[in-house]
Structures are given as structure tokens and as C-alpha cells.
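Engineer: This is the structure I have questions about; it appears just below.
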Amino acid sequence: MKLAVPDLISNSYFPAVAAVELGFFKEEGLDVSLELVFPVDRAYRAMRDGQIDFVGGSAHSALAAFPEWQGAKLLCAQAQGMYWFLVMRADLGARRGDLGIVRGRSIGAAPWVEMGLRRLLTEAGIDLQRDSVRIAPVPGASGPGVINFGLTAAKALEDGLIDGFWANGMGTEVAVRRGAGTVVLDVRRGDGPKPCFDYTMSTLATTDRLIGQSPDVVAAAVRALVKTQAVLKGDVNRAAEVGRRLFPPQEAALIAELIRRDLPYYDPSISPSFVARMNRFARGIGILQGEIPYEKVVATQFAGLWKG
């Protein structure tokens, strides 16, 4: 079986990556290989087309391949809350929470990831056209050899190709440590308009087809992910073990600390209130039309497994 993530050298989808690398899928009787499929909408389309069995990605992005939530379900959360950071060039003198810094600036963001930033800025009173805010893909962040959007964004920021980026915690940490960037927004930890925390989250998803054909397999996948979260909470140094296998040395040395910061958000549950807020966000940006009930978005038959 295949599990796709849209970013590899990252903390964003680390529970799914670690579930493969630390053998927890195997413990549940599943032979699961890890695939990097970027951007996230392409990963969901690959799942729709039967090339991928599970996607560990941003929840709202499932709508790229499954309009109106037809044909896919969220199984559990990898972590709670929208998990991207807004980082601006250090020489701009940006302050934490000062969204006015984006006026007249170019900001790099991946497809479908950028939707969260656009909506956030709009809710904060920034008019993207009037205020000349340009949000676009990062130069060089697609094509062969790119295994992490955030690291590519950090390099583009350092090289002066963009004024800021909206990306993962690894790219953020690298940019800050190099002195190239300043964190303006960390949504998980309270920055930005209040609704933005629940625009999306990192989840594990699969198709209605697989749920119908092999519910035992899907249940095993959920158990593997929940077990991985529990193990990382018990010993965050297991994250470094995964980093040494998959990441370059600099990023391998950072991953345990990034995961330690994320542990308070390692809760596999997906609440009805989250789904309602996410769907409100999706309607607001035009990727969803209807009022979709919770049971059409979340595979509730596996909710009992969230408790471990």
C-alpha cells in the first residue's frame, strides 16, 4: 500500500512519516510505503485515481479531488490546527503579528496551502489587490529533486527572490536560524484572526472505496497513526531516529525539537466543530458549495480508535 505526503523534510506530516519509518504500520499488519507527491492537490488526485491508498496532508485540500466531499473521508488528525508560518525577510524589520508588513510584498506559498493565507489576510482586513500583496509559488519549488517546499522557500528568501513565505515549521526554523527571516504569524500558537486555527489541519485520509472494501485495513492504519503519536509523546527522541534516516544532517538535528513543540497538538480526534469551521472556510474561498454534514467528511466508524 502507498501513503503520500506532499512534504517530506518537515514536521507537518511527521506522524504519518514516522508511522512508516518506525514500523507501526507493519506492527498492524500493513505493508505501507511512503511516497512524496507534491503539491498536495496532486496527492489527493493520485488517491482518487487509485495510485495512492492514503494521503497525509492538509484536510481541506481533499476537495481538490473530491468535490463536495464525495468519495473521500478524513480518518484522524495528525495534529490539531493550521500549521503554517508566515515568515518575512529579516531586513524588513517585521514584528510578530504585524500583518501590515505584507503590503506591496511578494509571498511564496504552495498551491492549496496559499488558500489559508489568502483567507487569513482577508479576515484581518488586508485587501490583496488594493494592498498589492502577491502570493505565488516559490521559484524552484517544483520539479525533480525538490523534497521540501519549506526549505526551498527559506533558500529563496535568503537569496532575495521573495519577500516572505507561508510554509512549514522546518523551513521557518532554517530561515530564522540563518538570520534570513522573521516569524510574523504562528497560527497554532495564537497569531492571526481566531477562525484561522480551524481553516485546516494535518490529517490522514482515504477513499470511501477503500473503507468499503477493506475496513479492517483502514482501522489498522488509524491505530498505527495513533500509536505513533503516543510513542512520540513518550519519547520525542524517536523523531531524531526518523530524521537520521530521511533528512539531511542539518534538518535531522532540528526535527526532534520541532516535534517537541508540536506535541501539545498531537490529538488524533476530528471534532464536529472543526469540520464546521473548515467547511465555512472552504465555502468562503469557493472550493465548497454545500453544507456538508460531519458524517460525510469524517469516517466516524473509526472514531473509537482515536483514544488509542
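Convention: chains lettered A, B, ... in C-alpha cells order; per-chain residue numbering from 1; ligands numbered from 1 as shown.
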If you take only C-alpha atoms and a cut-off of 10 Å, which residues of segment 7-110 of chain A touch segment 174-194 of chain A, and what are their nearest atom pairs and distances in Å to one decimal, in chain and number order, as a Markdown table?
Structural biologist:
| residue | atom | partner | partner_atom | distance |
| --- | --- | --- | --- | --- |
| A:Gln80 | CA | A:Arg188 | CA | 8.1 |
| A:Gly81 | CA | A:Arg188 | CA | 5.6 |
| A:Met82 | CA | A:Arg188 | CA | 6.1 |
| A:Tyr83 | CA | A:Arg188 | CA | 6.0 |
| A:Trp84 | CA | A:Asp186 | CA | 7.0 |
| A:Phe85 | CA | A:Asp186 | CA | 5.0 |
| A:Leu86 | CA | A:Leu185 | CA | 4.9 |
| A:Val87 | CA | A:Val183 | CA | 4.5 |
| A:Met88 | CA | A:Gly181 | CA | 5.4 |
| A:Arg89 | CA | A:Gly181 | CA | 4.6 |
| A:Ala90 | CA | A:Gly181 | CA | 4.4 |
| A:Asp91 | CA | A:Ala180 | CA | 7.8 |
| A:Leu92 | CA | A:Thr182 | CA | 8.8 |
| A:Gly93 | CA | A:Thr182 | CA | 8.0 |
| A:Ala94 | CA | A:Thr182 | CA | 6.6 |
| A:Arg95 | CA | A:Val184 | CA | 6.1 |
| A:Arg96 | CA | A:Val184 | CA | 4.3 |
| A:Gly97 | CA | A:Val184 | CA | 5.2 |
| A:Asp98 | CA | A:Val184 | CA | 6.5 |
| A:Leu99 | CA | A:Val184 | CA | 7.3 |
| A:Ile101 | CA | A:Val184 | CA | 8.7 |
| A:Val102 | CA | A:Val184 | CA | 9.8 |
Engineer: I want to know what sits within 8 Å of segment 207-209 of chain A, based on only C-alpha atoms, with residues of the same chain fewer than 3 positions away left out; could you give that as a PDB file with all heavy atoms, in the first residue's frame?
Structural biologist:
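Below is the file out-v9.pdb, written as the result:
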ATOM      1  N   MET A  47      -4.736   9.655  -5.118  1.00  0.00           N
ATOM      2  CA  MET A  47      -5.560   8.768  -4.292  1.00  0.00           C
ATOM      3  C   MET A  47      -6.897   8.507  -4.981  1.00  0.00           C
ATOM      4  O   MET A  47      -7.372   7.361  -5.024  1.00  0.00           O
ATOM      5  CB  MET A  47      -5.770   9.372  -2.908  1.00  0.00           C
ATOM      6  CG  MET A  47      -6.470   8.427  -1.936  1.00  0.00           C
ATOM      7  SD  MET A  47      -6.528   9.056  -0.243  1.00  0.00           S
ATOM      8  CE  MET A  47      -7.874  10.251  -0.358  1.00  0.00           C
ATOM      9  N   ARG A  48      -7.495   9.533  -5.509  1.00  0.00           N
ATOM     10  CA  ARG A  48      -8.757   9.362  -6.231  1.00  0.00           C
ATOM     11  C   ARG A  48      -8.615   8.370  -7.378  1.00  0.00           C
ATOM     12  O   ARG A  48      -9.510   7.541  -7.635  1.00  0.00           O
ATOM     13  CB  ARG A  48      -9.204  10.727  -6.779  1.00  0.00           C
ATOM     14  CG  ARG A  48     -10.467  10.687  -7.638  1.00  0.00           C
ATOM     15  CD  ARG A  48     -10.574  11.957  -8.466  1.00  0.00           C
ATOM     16  NE  ARG A  48      -9.456  12.065  -9.416  1.00  0.00           N
ATOM     17  CZ  ARG A  48      -9.121  13.195 -10.049  1.00  0.00           C
ATOM     18  NH1 ARG A  48      -9.800  14.312  -9.821  1.00  0.00           N
ATOM     19  NH2 ARG A  48      -8.111  13.207 -10.901  1.00  0.00           N
ATOM     20  N   ASP A  53      -3.105   4.957  -1.623  1.00  0.00           N
ATOM     21  CA  ASP A  53      -4.155   4.451  -0.736  1.00  0.00           C
ATOM     22  C   ASP A  53      -4.532   5.435   0.367  1.00  0.00           C
ATOM     23  O   ASP A  53      -5.700   5.514   0.764  1.00  0.00           O
ATOM     24  CB  ASP A  53      -3.695   3.136  -0.112  1.00  0.00           C
ATOM     25  CG  ASP A  53      -3.387   2.093  -1.169  1.00  0.00           C
ATOM     26  OD1 ASP A  53      -4.339   1.594  -1.793  1.00  0.00           O
ATOM     27  OD2 ASP A  53      -2.191   1.800  -1.381  1.00  0.00           O
ATOM     28  N   PHE A  54      -3.538   6.149   0.881  1.00  0.00           N
ATOM     29  CA  PHE A  54      -3.760   7.126   1.953  1.00  0.00           C
ATOM     30  C   PHE A  54      -3.004   8.409   1.628  1.00  0.00           C
ATOM     31  O   PHE A  54      -1.931   8.360   1.021  1.00  0.00           O
ATOM     32  CB  PHE A  54      -3.251   6.598   3.307  1.00  0.00           C
ATOM     33  CG  PHE A  54      -3.887   5.334   3.770  1.00  0.00           C
ATOM     34  CD1 PHE A  54      -3.265   4.108   3.553  1.00  0.00           C
ATOM     35  CD2 PHE A  54      -5.106   5.354   4.437  1.00  0.00           C
ATOM     36  CE1 PHE A  54      -3.844   2.928   3.984  1.00  0.00           C
ATOM     37  CE2 PHE A  54      -5.702   4.175   4.874  1.00  0.00           C
ATOM     38  CZ  PHE A  54      -5.068   2.960   4.647  1.00  0.00           C
ATOM     39  N   GLY A  71     -16.612  10.863  -1.978  1.00  0.00           N
ATOM     40  CA  GLY A  71     -15.662   9.807  -2.313  1.00  0.00           C
ATOM     41  C   GLY A  71     -14.465   9.692  -1.407  1.00  0.00           C
ATOM     42  O   GLY A  71     -13.654   8.773  -1.572  1.00  0.00           O
ATOM     43  N   ALA A  72     -14.319  10.585  -0.448  1.00  0.00           N
ATOM     44  CA  ALA A  72     -13.170  10.520   0.469  1.00  0.00           C
ATOM     45  C   ALA A  72     -13.618  10.824   1.882  1.00  0.00           C
ATOM     46  O   ALA A  72     -14.658  11.458   2.099  1.00  0.00           O
ATOM     47  CB  ALA A  72     -12.085  11.493   0.041  1.00  0.00           C
ATOM     48  N   LYS A  73     -12.823  10.382   2.841  1.00  0.00           N
ATOM     49  CA  LYS A  73     -13.094  10.665   4.252  1.00  0.00           C
ATOM     50  C   LYS A  73     -11.789  10.973   4.977  1.00  0.00           C
ATOM     51  O   LYS A  73     -10.738  10.395   4.684  1.00  0.00           O
ATOM     52  CB  LYS A  73     -13.749   9.457   4.937  1.00  0.00           C
ATOM     53  CG  LYS A  73     -15.149   9.121   4.462  1.00  0.00           C
ATOM     54  CD  LYS A  73     -16.186  10.095   4.996  1.00  0.00           C
ATOM     55  CE  LYS A  73     -17.600   9.624   4.692  1.00  0.00           C
ATOM     56  NZ  LYS A  73     -17.869   9.492   3.244  1.00  0.00           N
ATOM     57  N   GLY A 212     -14.951   0.912   2.172  1.00  0.00           N
ATOM     58  CA  GLY A 212     -15.977  -0.083   1.886  1.00  0.00           C
ATOM     59  C   GLY A 212     -15.410  -1.467   1.639  1.00  0.00           C
ATOM     60  O   GLY A 212     -15.974  -2.470   2.093  1.00  0.00           O
ATOM     61  N   GLN A 213     -14.270  -1.513   0.946  1.00  0.00           N
ATOM     62  CA  GLN A 213     -13.693  -2.809   0.577  1.00  0.00           C
ATOM     63  C   GLN A 213     -12.889  -3.431   1.716  1.00  0.00           C
ATOM     64  O   GLN A 213     -12.904  -4.657   1.882  1.00  0.00           O
ATOM     65  CB  GLN A 213     -12.786  -2.637  -0.650  1.00  0.00           C
ATOM     66  CG  GLN A 213     -13.524  -2.285  -1.925  1.00  0.00           C
ATOM     67  CD  GLN A 213     -12.576  -1.973  -3.083  1.00  0.00           C
ATOM     68  OE1 GLN A 213     -11.354  -1.827  -2.909  1.00  0.00           O
ATOM     69  NE2 GLN A 213     -13.126  -1.847  -4.271  1.00  0.00           N
TER      70      GLN A 213
END
Engineer: For Pro272 of chain A, please output as a PDB file with N, CA and C atoms, in the first residue's frame all residues within 10 Å (counting only C-alpha atoms; exclusion window: fewer than 4 positions along the same chain).
Structural biologist:
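Listed below is the output, around.pdb:
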ATOM      1  N   ALA A 276     -17.086  21.929  10.878  1.00  0.00           N
ATOM      2  CA  ALA A 276     -17.964  23.058  10.546  1.00  0.00           C
ATOM      3  C   ALA A 276     -17.151  24.294  10.189  1.00  0.00           C
ATOM      4  N   ARG A 277     -16.097  24.566  10.963  1.00  0.00           N
ATOM      5  CA  ARG A 277     -15.270  25.751  10.697  1.00  0.00           C
ATOM      6  C   ARG A 277     -14.448  25.584   9.423  1.00  0.00           C
ATOM      7  N   MET A 278     -13.908  24.388   9.207  1.00  0.00           N
ATOM      8  CA  MET A 278     -13.154  24.142   7.983  1.00  0.00           C
ATOM      9  C   MET A 278     -14.050  24.303   6.755  1.00  0.00           C
ATOM     10  N   PRO A 293     -22.624  17.584   6.043  1.00  0.00           N
ATOM     11  CA  PRO A 293     -22.655  17.095   7.430  1.00  0.00           C
ATOM     12  C   PRO A 293     -21.351  16.404   7.826  1.00  0.00           C
ATOM     13  N   TYR A 294     -21.101  16.411   9.095  1.00  0.00           N
ATOM     14  CA  TYR A 294     -19.882  15.844   9.676  1.00  0.00           C
ATOM     15  C   TYR A 294     -19.625  14.419   9.186  1.00  0.00           C
ATOM     16  N   GLU A 295     -20.670  13.603   9.147  1.00  0.00           N
ATOM     17  CA  GLU A 295     -20.516  12.184   8.795  1.00  0.00           C
ATOM     18  C   GLU A 295     -20.112  11.983   7.340  1.00  0.00           C
ATOM     19  N   VAL A 297     -17.798  13.869   5.969  1.00  0.00           N
ATOM     20  CA  VAL A 297     -16.415  14.340   5.910  1.00  0.00           C
ATOM     21  C   VAL A 297     -15.483  13.408   6.682  1.00  0.00           C
ATOM     22  N   VAL A 298     -15.956  12.917   7.810  1.00  0.00           N
ATOM     23  CA  VAL A 298     -15.141  12.097   8.717  1.00  0.00           C
ATOM     24  C   VAL A 298     -15.669  10.665   8.758  1.00  0.00           C
TER      25      VAL A 298
END
Engineer: For atom CA of Glu27 of chain A and atom CA of Val226 of chain A, determine how far apart the two atoms are, in Å to one decimal place.
Structural biologist: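 One can read the atom CA of Glu27 of chain A to atom CA of Val226 of chain A distance as 12.6 Å.
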Engineer: Using DSSP secondary structure from the backbone, list all helix (DSSP H, G or I) positions within segment 24-221 of chain A, as a ChimeraX atom specification.
Structural biologist: /A:24-27,40-48,59-64,67-69,90-92,99-102,114-123,149-158,169-177,187-189,194-198,208-213,215-221
Engineer: Pick out each residue of segment 109-279 of chain A that DSSP on the backbone tags as strand (DSSP E or B); I need them as a VMD selection string.
Structural biologist: chain A and resid 109 134 to 136 164 to 167 181 to 186 202 to 207
Engineer: Could you write out the selected residues, including N, CA and C atoms, as a CSV table (one decimal), in the first residue's frame?
Structural biologist:
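So the final result, stored in selection38.csv, reads:
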chain,number,residue,atom,x,y,z
A,109,ALA,N,4.1,30.7,-1.6
A,109,ALA,CA,3.2,29.7,-0.9
A,109,ALA,C,2.9,28.6,-1.9
A,134,ARG,N,1.3,40.0,-3.4
A,134,ARG,CA,1.4,39.0,-4.4
A,134,ARG,C,1.7,37.7,-3.8
A,135,ILE,N,0.8,36.7,-3.9
A,135,ILE,CA,1.0,35.4,-3.3
A,135,ILE,C,1.2,34.4,-4.5
A,136,ALA,N,2.3,33.7,-4.6
A,136,ALA,CA,2.6,32.9,-5.8
A,136,ALA,C,3.5,31.7,-5.4
A,164,GLY,N,8.7,37.1,1.5
A,164,GLY,CA,8.2,36.3,2.6
A,164,GLY,C,7.8,34.9,2.1
A,165,PHE,N,7.5,34.1,3.0
A,165,PHE,CA,6.9,32.8,2.6
A,165,PHE,C,5.9,32.3,3.7
A,166,TRP,N,5.0,31.4,3.3
A,166,TRP,CA,4.0,30.8,4.1
A,166,TRP,C,4.2,29.3,3.9
A,167,ALA,N,4.8,28.7,5.0
A,167,ALA,CA,5.3,27.3,4.8
A,167,ALA,C,5.4,26.7,6.2
A,181,GLY,N,15.1,35.3,8.0
A,181,GLY,CA,13.6,35.5,8.2
A,181,GLY,C,13.2,35.8,9.6
A,182,THR,N,12.0,36.5,9.7
A,182,THR,CA,11.4,36.8,11.0
A,182,THR,C,10.0,36.2,11.0
A,183,VAL,N,9.6,35.5,12.0
A,183,VAL,CA,8.3,35.0,12.1
A,183,VAL,C,7.3,36.1,12.4
A,184,VAL,N,6.3,36.2,11.5
A,184,VAL,CA,5.2,37.2,11.7
A,184,VAL,C,3.9,36.5,12.2
A,185,LEU,N,3.7,35.3,11.8
A,185,LEU,CA,2.5,34.5,12.2
A,185,LEU,C,2.8,33.1,12.5
A,186,ASP,N,2.4,32.6,13.7
A,186,ASP,CA,2.4,31.2,14.0
A,186,ASP,C,1.0,30.9,14.5
A,202,SER,N,-3.6,19.0,9.7
A,202,SER,CA,-2.9,17.8,9.1
A,202,SER,C,-3.6,16.6,9.4
A,203,THR,N,-4.1,15.8,8.4
A,203,THR,CA,-4.9,14.6,8.7
A,203,THR,C,-4.4,13.4,7.9
A,204,LEU,N,-5.0,12.3,8.2
A,204,LEU,CA,-4.8,11.1,7.4
A,204,LEU,C,-6.2,10.9,6.7
A,205,ALA,N,-6.2,10.6,5.4
A,205,ALA,CA,-7.4,10.5,4.6
A,205,ALA,C,-7.3,9.3,3.7
A,206,THR,N,-8.5,8.7,3.3
A,206,THR,CA,-8.5,7.7,2.3
A,206,THR,C,-9.8,7.8,1.6
A,207,THR,N,-10.1,6.8,0.7
A,207,THR,CA,-11.3,6.9,-0.1
A,207,THR,C,-12.4,6.1,0.5
Engineer: Need to verify the contact set: Glu291 of chain A, 9 Å, only C-alpha atoms, exclusion of same-chain residues closer than 2 positions in sequence. Can you return it as a JSON list (two decimals) with N, CA and C atoms, in the first residue's frame?
Structural biologist:
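Done, and the output landed in out-v8.json:
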[["chain", "number", "residue", "atom", "x", "y", "z"],
["A", 68, "GLU", "N", -17.19, 18.53, -2.96],
["A", 68, "GLU", "CA", -18.30, 18.39, -2.01],
["A", 68, "GLU", "C", -18.13, 17.17, -1.10],
["A", 276, "ALA", "N", -17.09, 21.93, 10.88],
["A", 276, "ALA", "CA", -17.96, 23.06, 10.55],
["A", 276, "ALA", "C", -17.15, 24.29, 10.19],
["A", 279, "ASN", "N", -15.26, 23.75, 6.83],
["A", 279, "ASN", "CA", -16.17, 23.86, 5.69],
["A", 279, "ASN", "C", -16.61, 25.30, 5.47],
["A", 280, "ARG", "N", -16.73, 26.08, 6.54],
["A", 280, "ARG", "CA", -17.04, 27.50, 6.39],
["A", 280, "ARG", "C", -15.91, 28.22, 5.64],
["A", 283, "ARG", "N", -16.05, 27.16, 1.96],
["A", 283, "ARG", "CA", -17.08, 27.90, 1.22],
["A", 283, "ARG", "C", -16.64, 29.33, 0.98],
["A", 288, "LEU", "N", -15.95, 24.88, -1.92],
["A", 288, "LEU", "CA", -17.06, 24.08, -1.43],
["A", 288, "LEU", "C", -18.33, 24.91, -1.58],
["A", 289, "GLN", "N", -19.40, 24.24, -1.96],
["A", 289, "GLN", "CA", -20.66, 24.95, -2.14],
["A", 289, "GLN", "C", -21.67, 24.66, -1.04],
["A", 293, "PRO", "N", -22.62, 17.58, 6.04],
["A", 293, "PRO", "CA", -22.66, 17.10, 7.43],
["A", 293, "PRO", "C", -21.35, 16.40, 7.83]]
Engineer: Leaving out Lys307 of chain A and any residue of its chain fewer than 3 positions from it, which residues lie within 9 Å of it when counting only C-alpha atoms, given as an MDAnalysis selection string?
Structural biologist: chainID A and resid 226 268:269 303:304
Engineer: Taking a cut-off of 12 Å and counting only C-alpha atoms, can you build a table that, for each residue of segment 34-130 of chain A near segment 228-242 of chain A, reports the nearest atom pair and how far apart they are in Å (one decimal), sorted by chain then residue number, as a tab-separated table?
Structural biologist:
residue	atom	partner	partner_atom	distance
A:Cys76	CA	A:Gln229	CA	11.4
A:Ala77	CA	A:Gln229	CA	10.1
A:Gln78	CA	A:Gln229	CA	7.8
A:Ala79	CA	A:Gln229	CA	8.9
Engineer: What is the distance, in Å and to one decimal place, between atom CA of Glu158 of chain A and atom CA of Gly116 of chain A?
Structural biologist: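 Going from atom CA of Glu158 of chain A over to atom CA of Gly116 of chain A, I get 23.5 Å.
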Engineer: Which is closer to Ala219 of chain A than all the others in A:Ile270, A:Leu30, A:Ala4, A:Leu263, using only C-alpha atoms?
Structural biologist: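 Looking only at the distances to Ala219 of chain A, the closest residue turns out to be A:Leu30.
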Engineer: Would you work out the distance separating atom CA of Gly23 of chain A from atom CA of Gln250 of chain A, expressed in Å to one decimal?
Structural biologist: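 Calculated distance between atom CA of Gly23 of chain A and atom CA of Gln250 of chain A is 24.1 Å.
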Engineer: Let me make sure I understand: among A:Glu35, A:Arg130, A:Ala252, A:Gly286, which one has the smallest atom-to-atom distance to Ile52 of chain A if we use only C-alpha atoms?
Structural biologist: A:Glu35
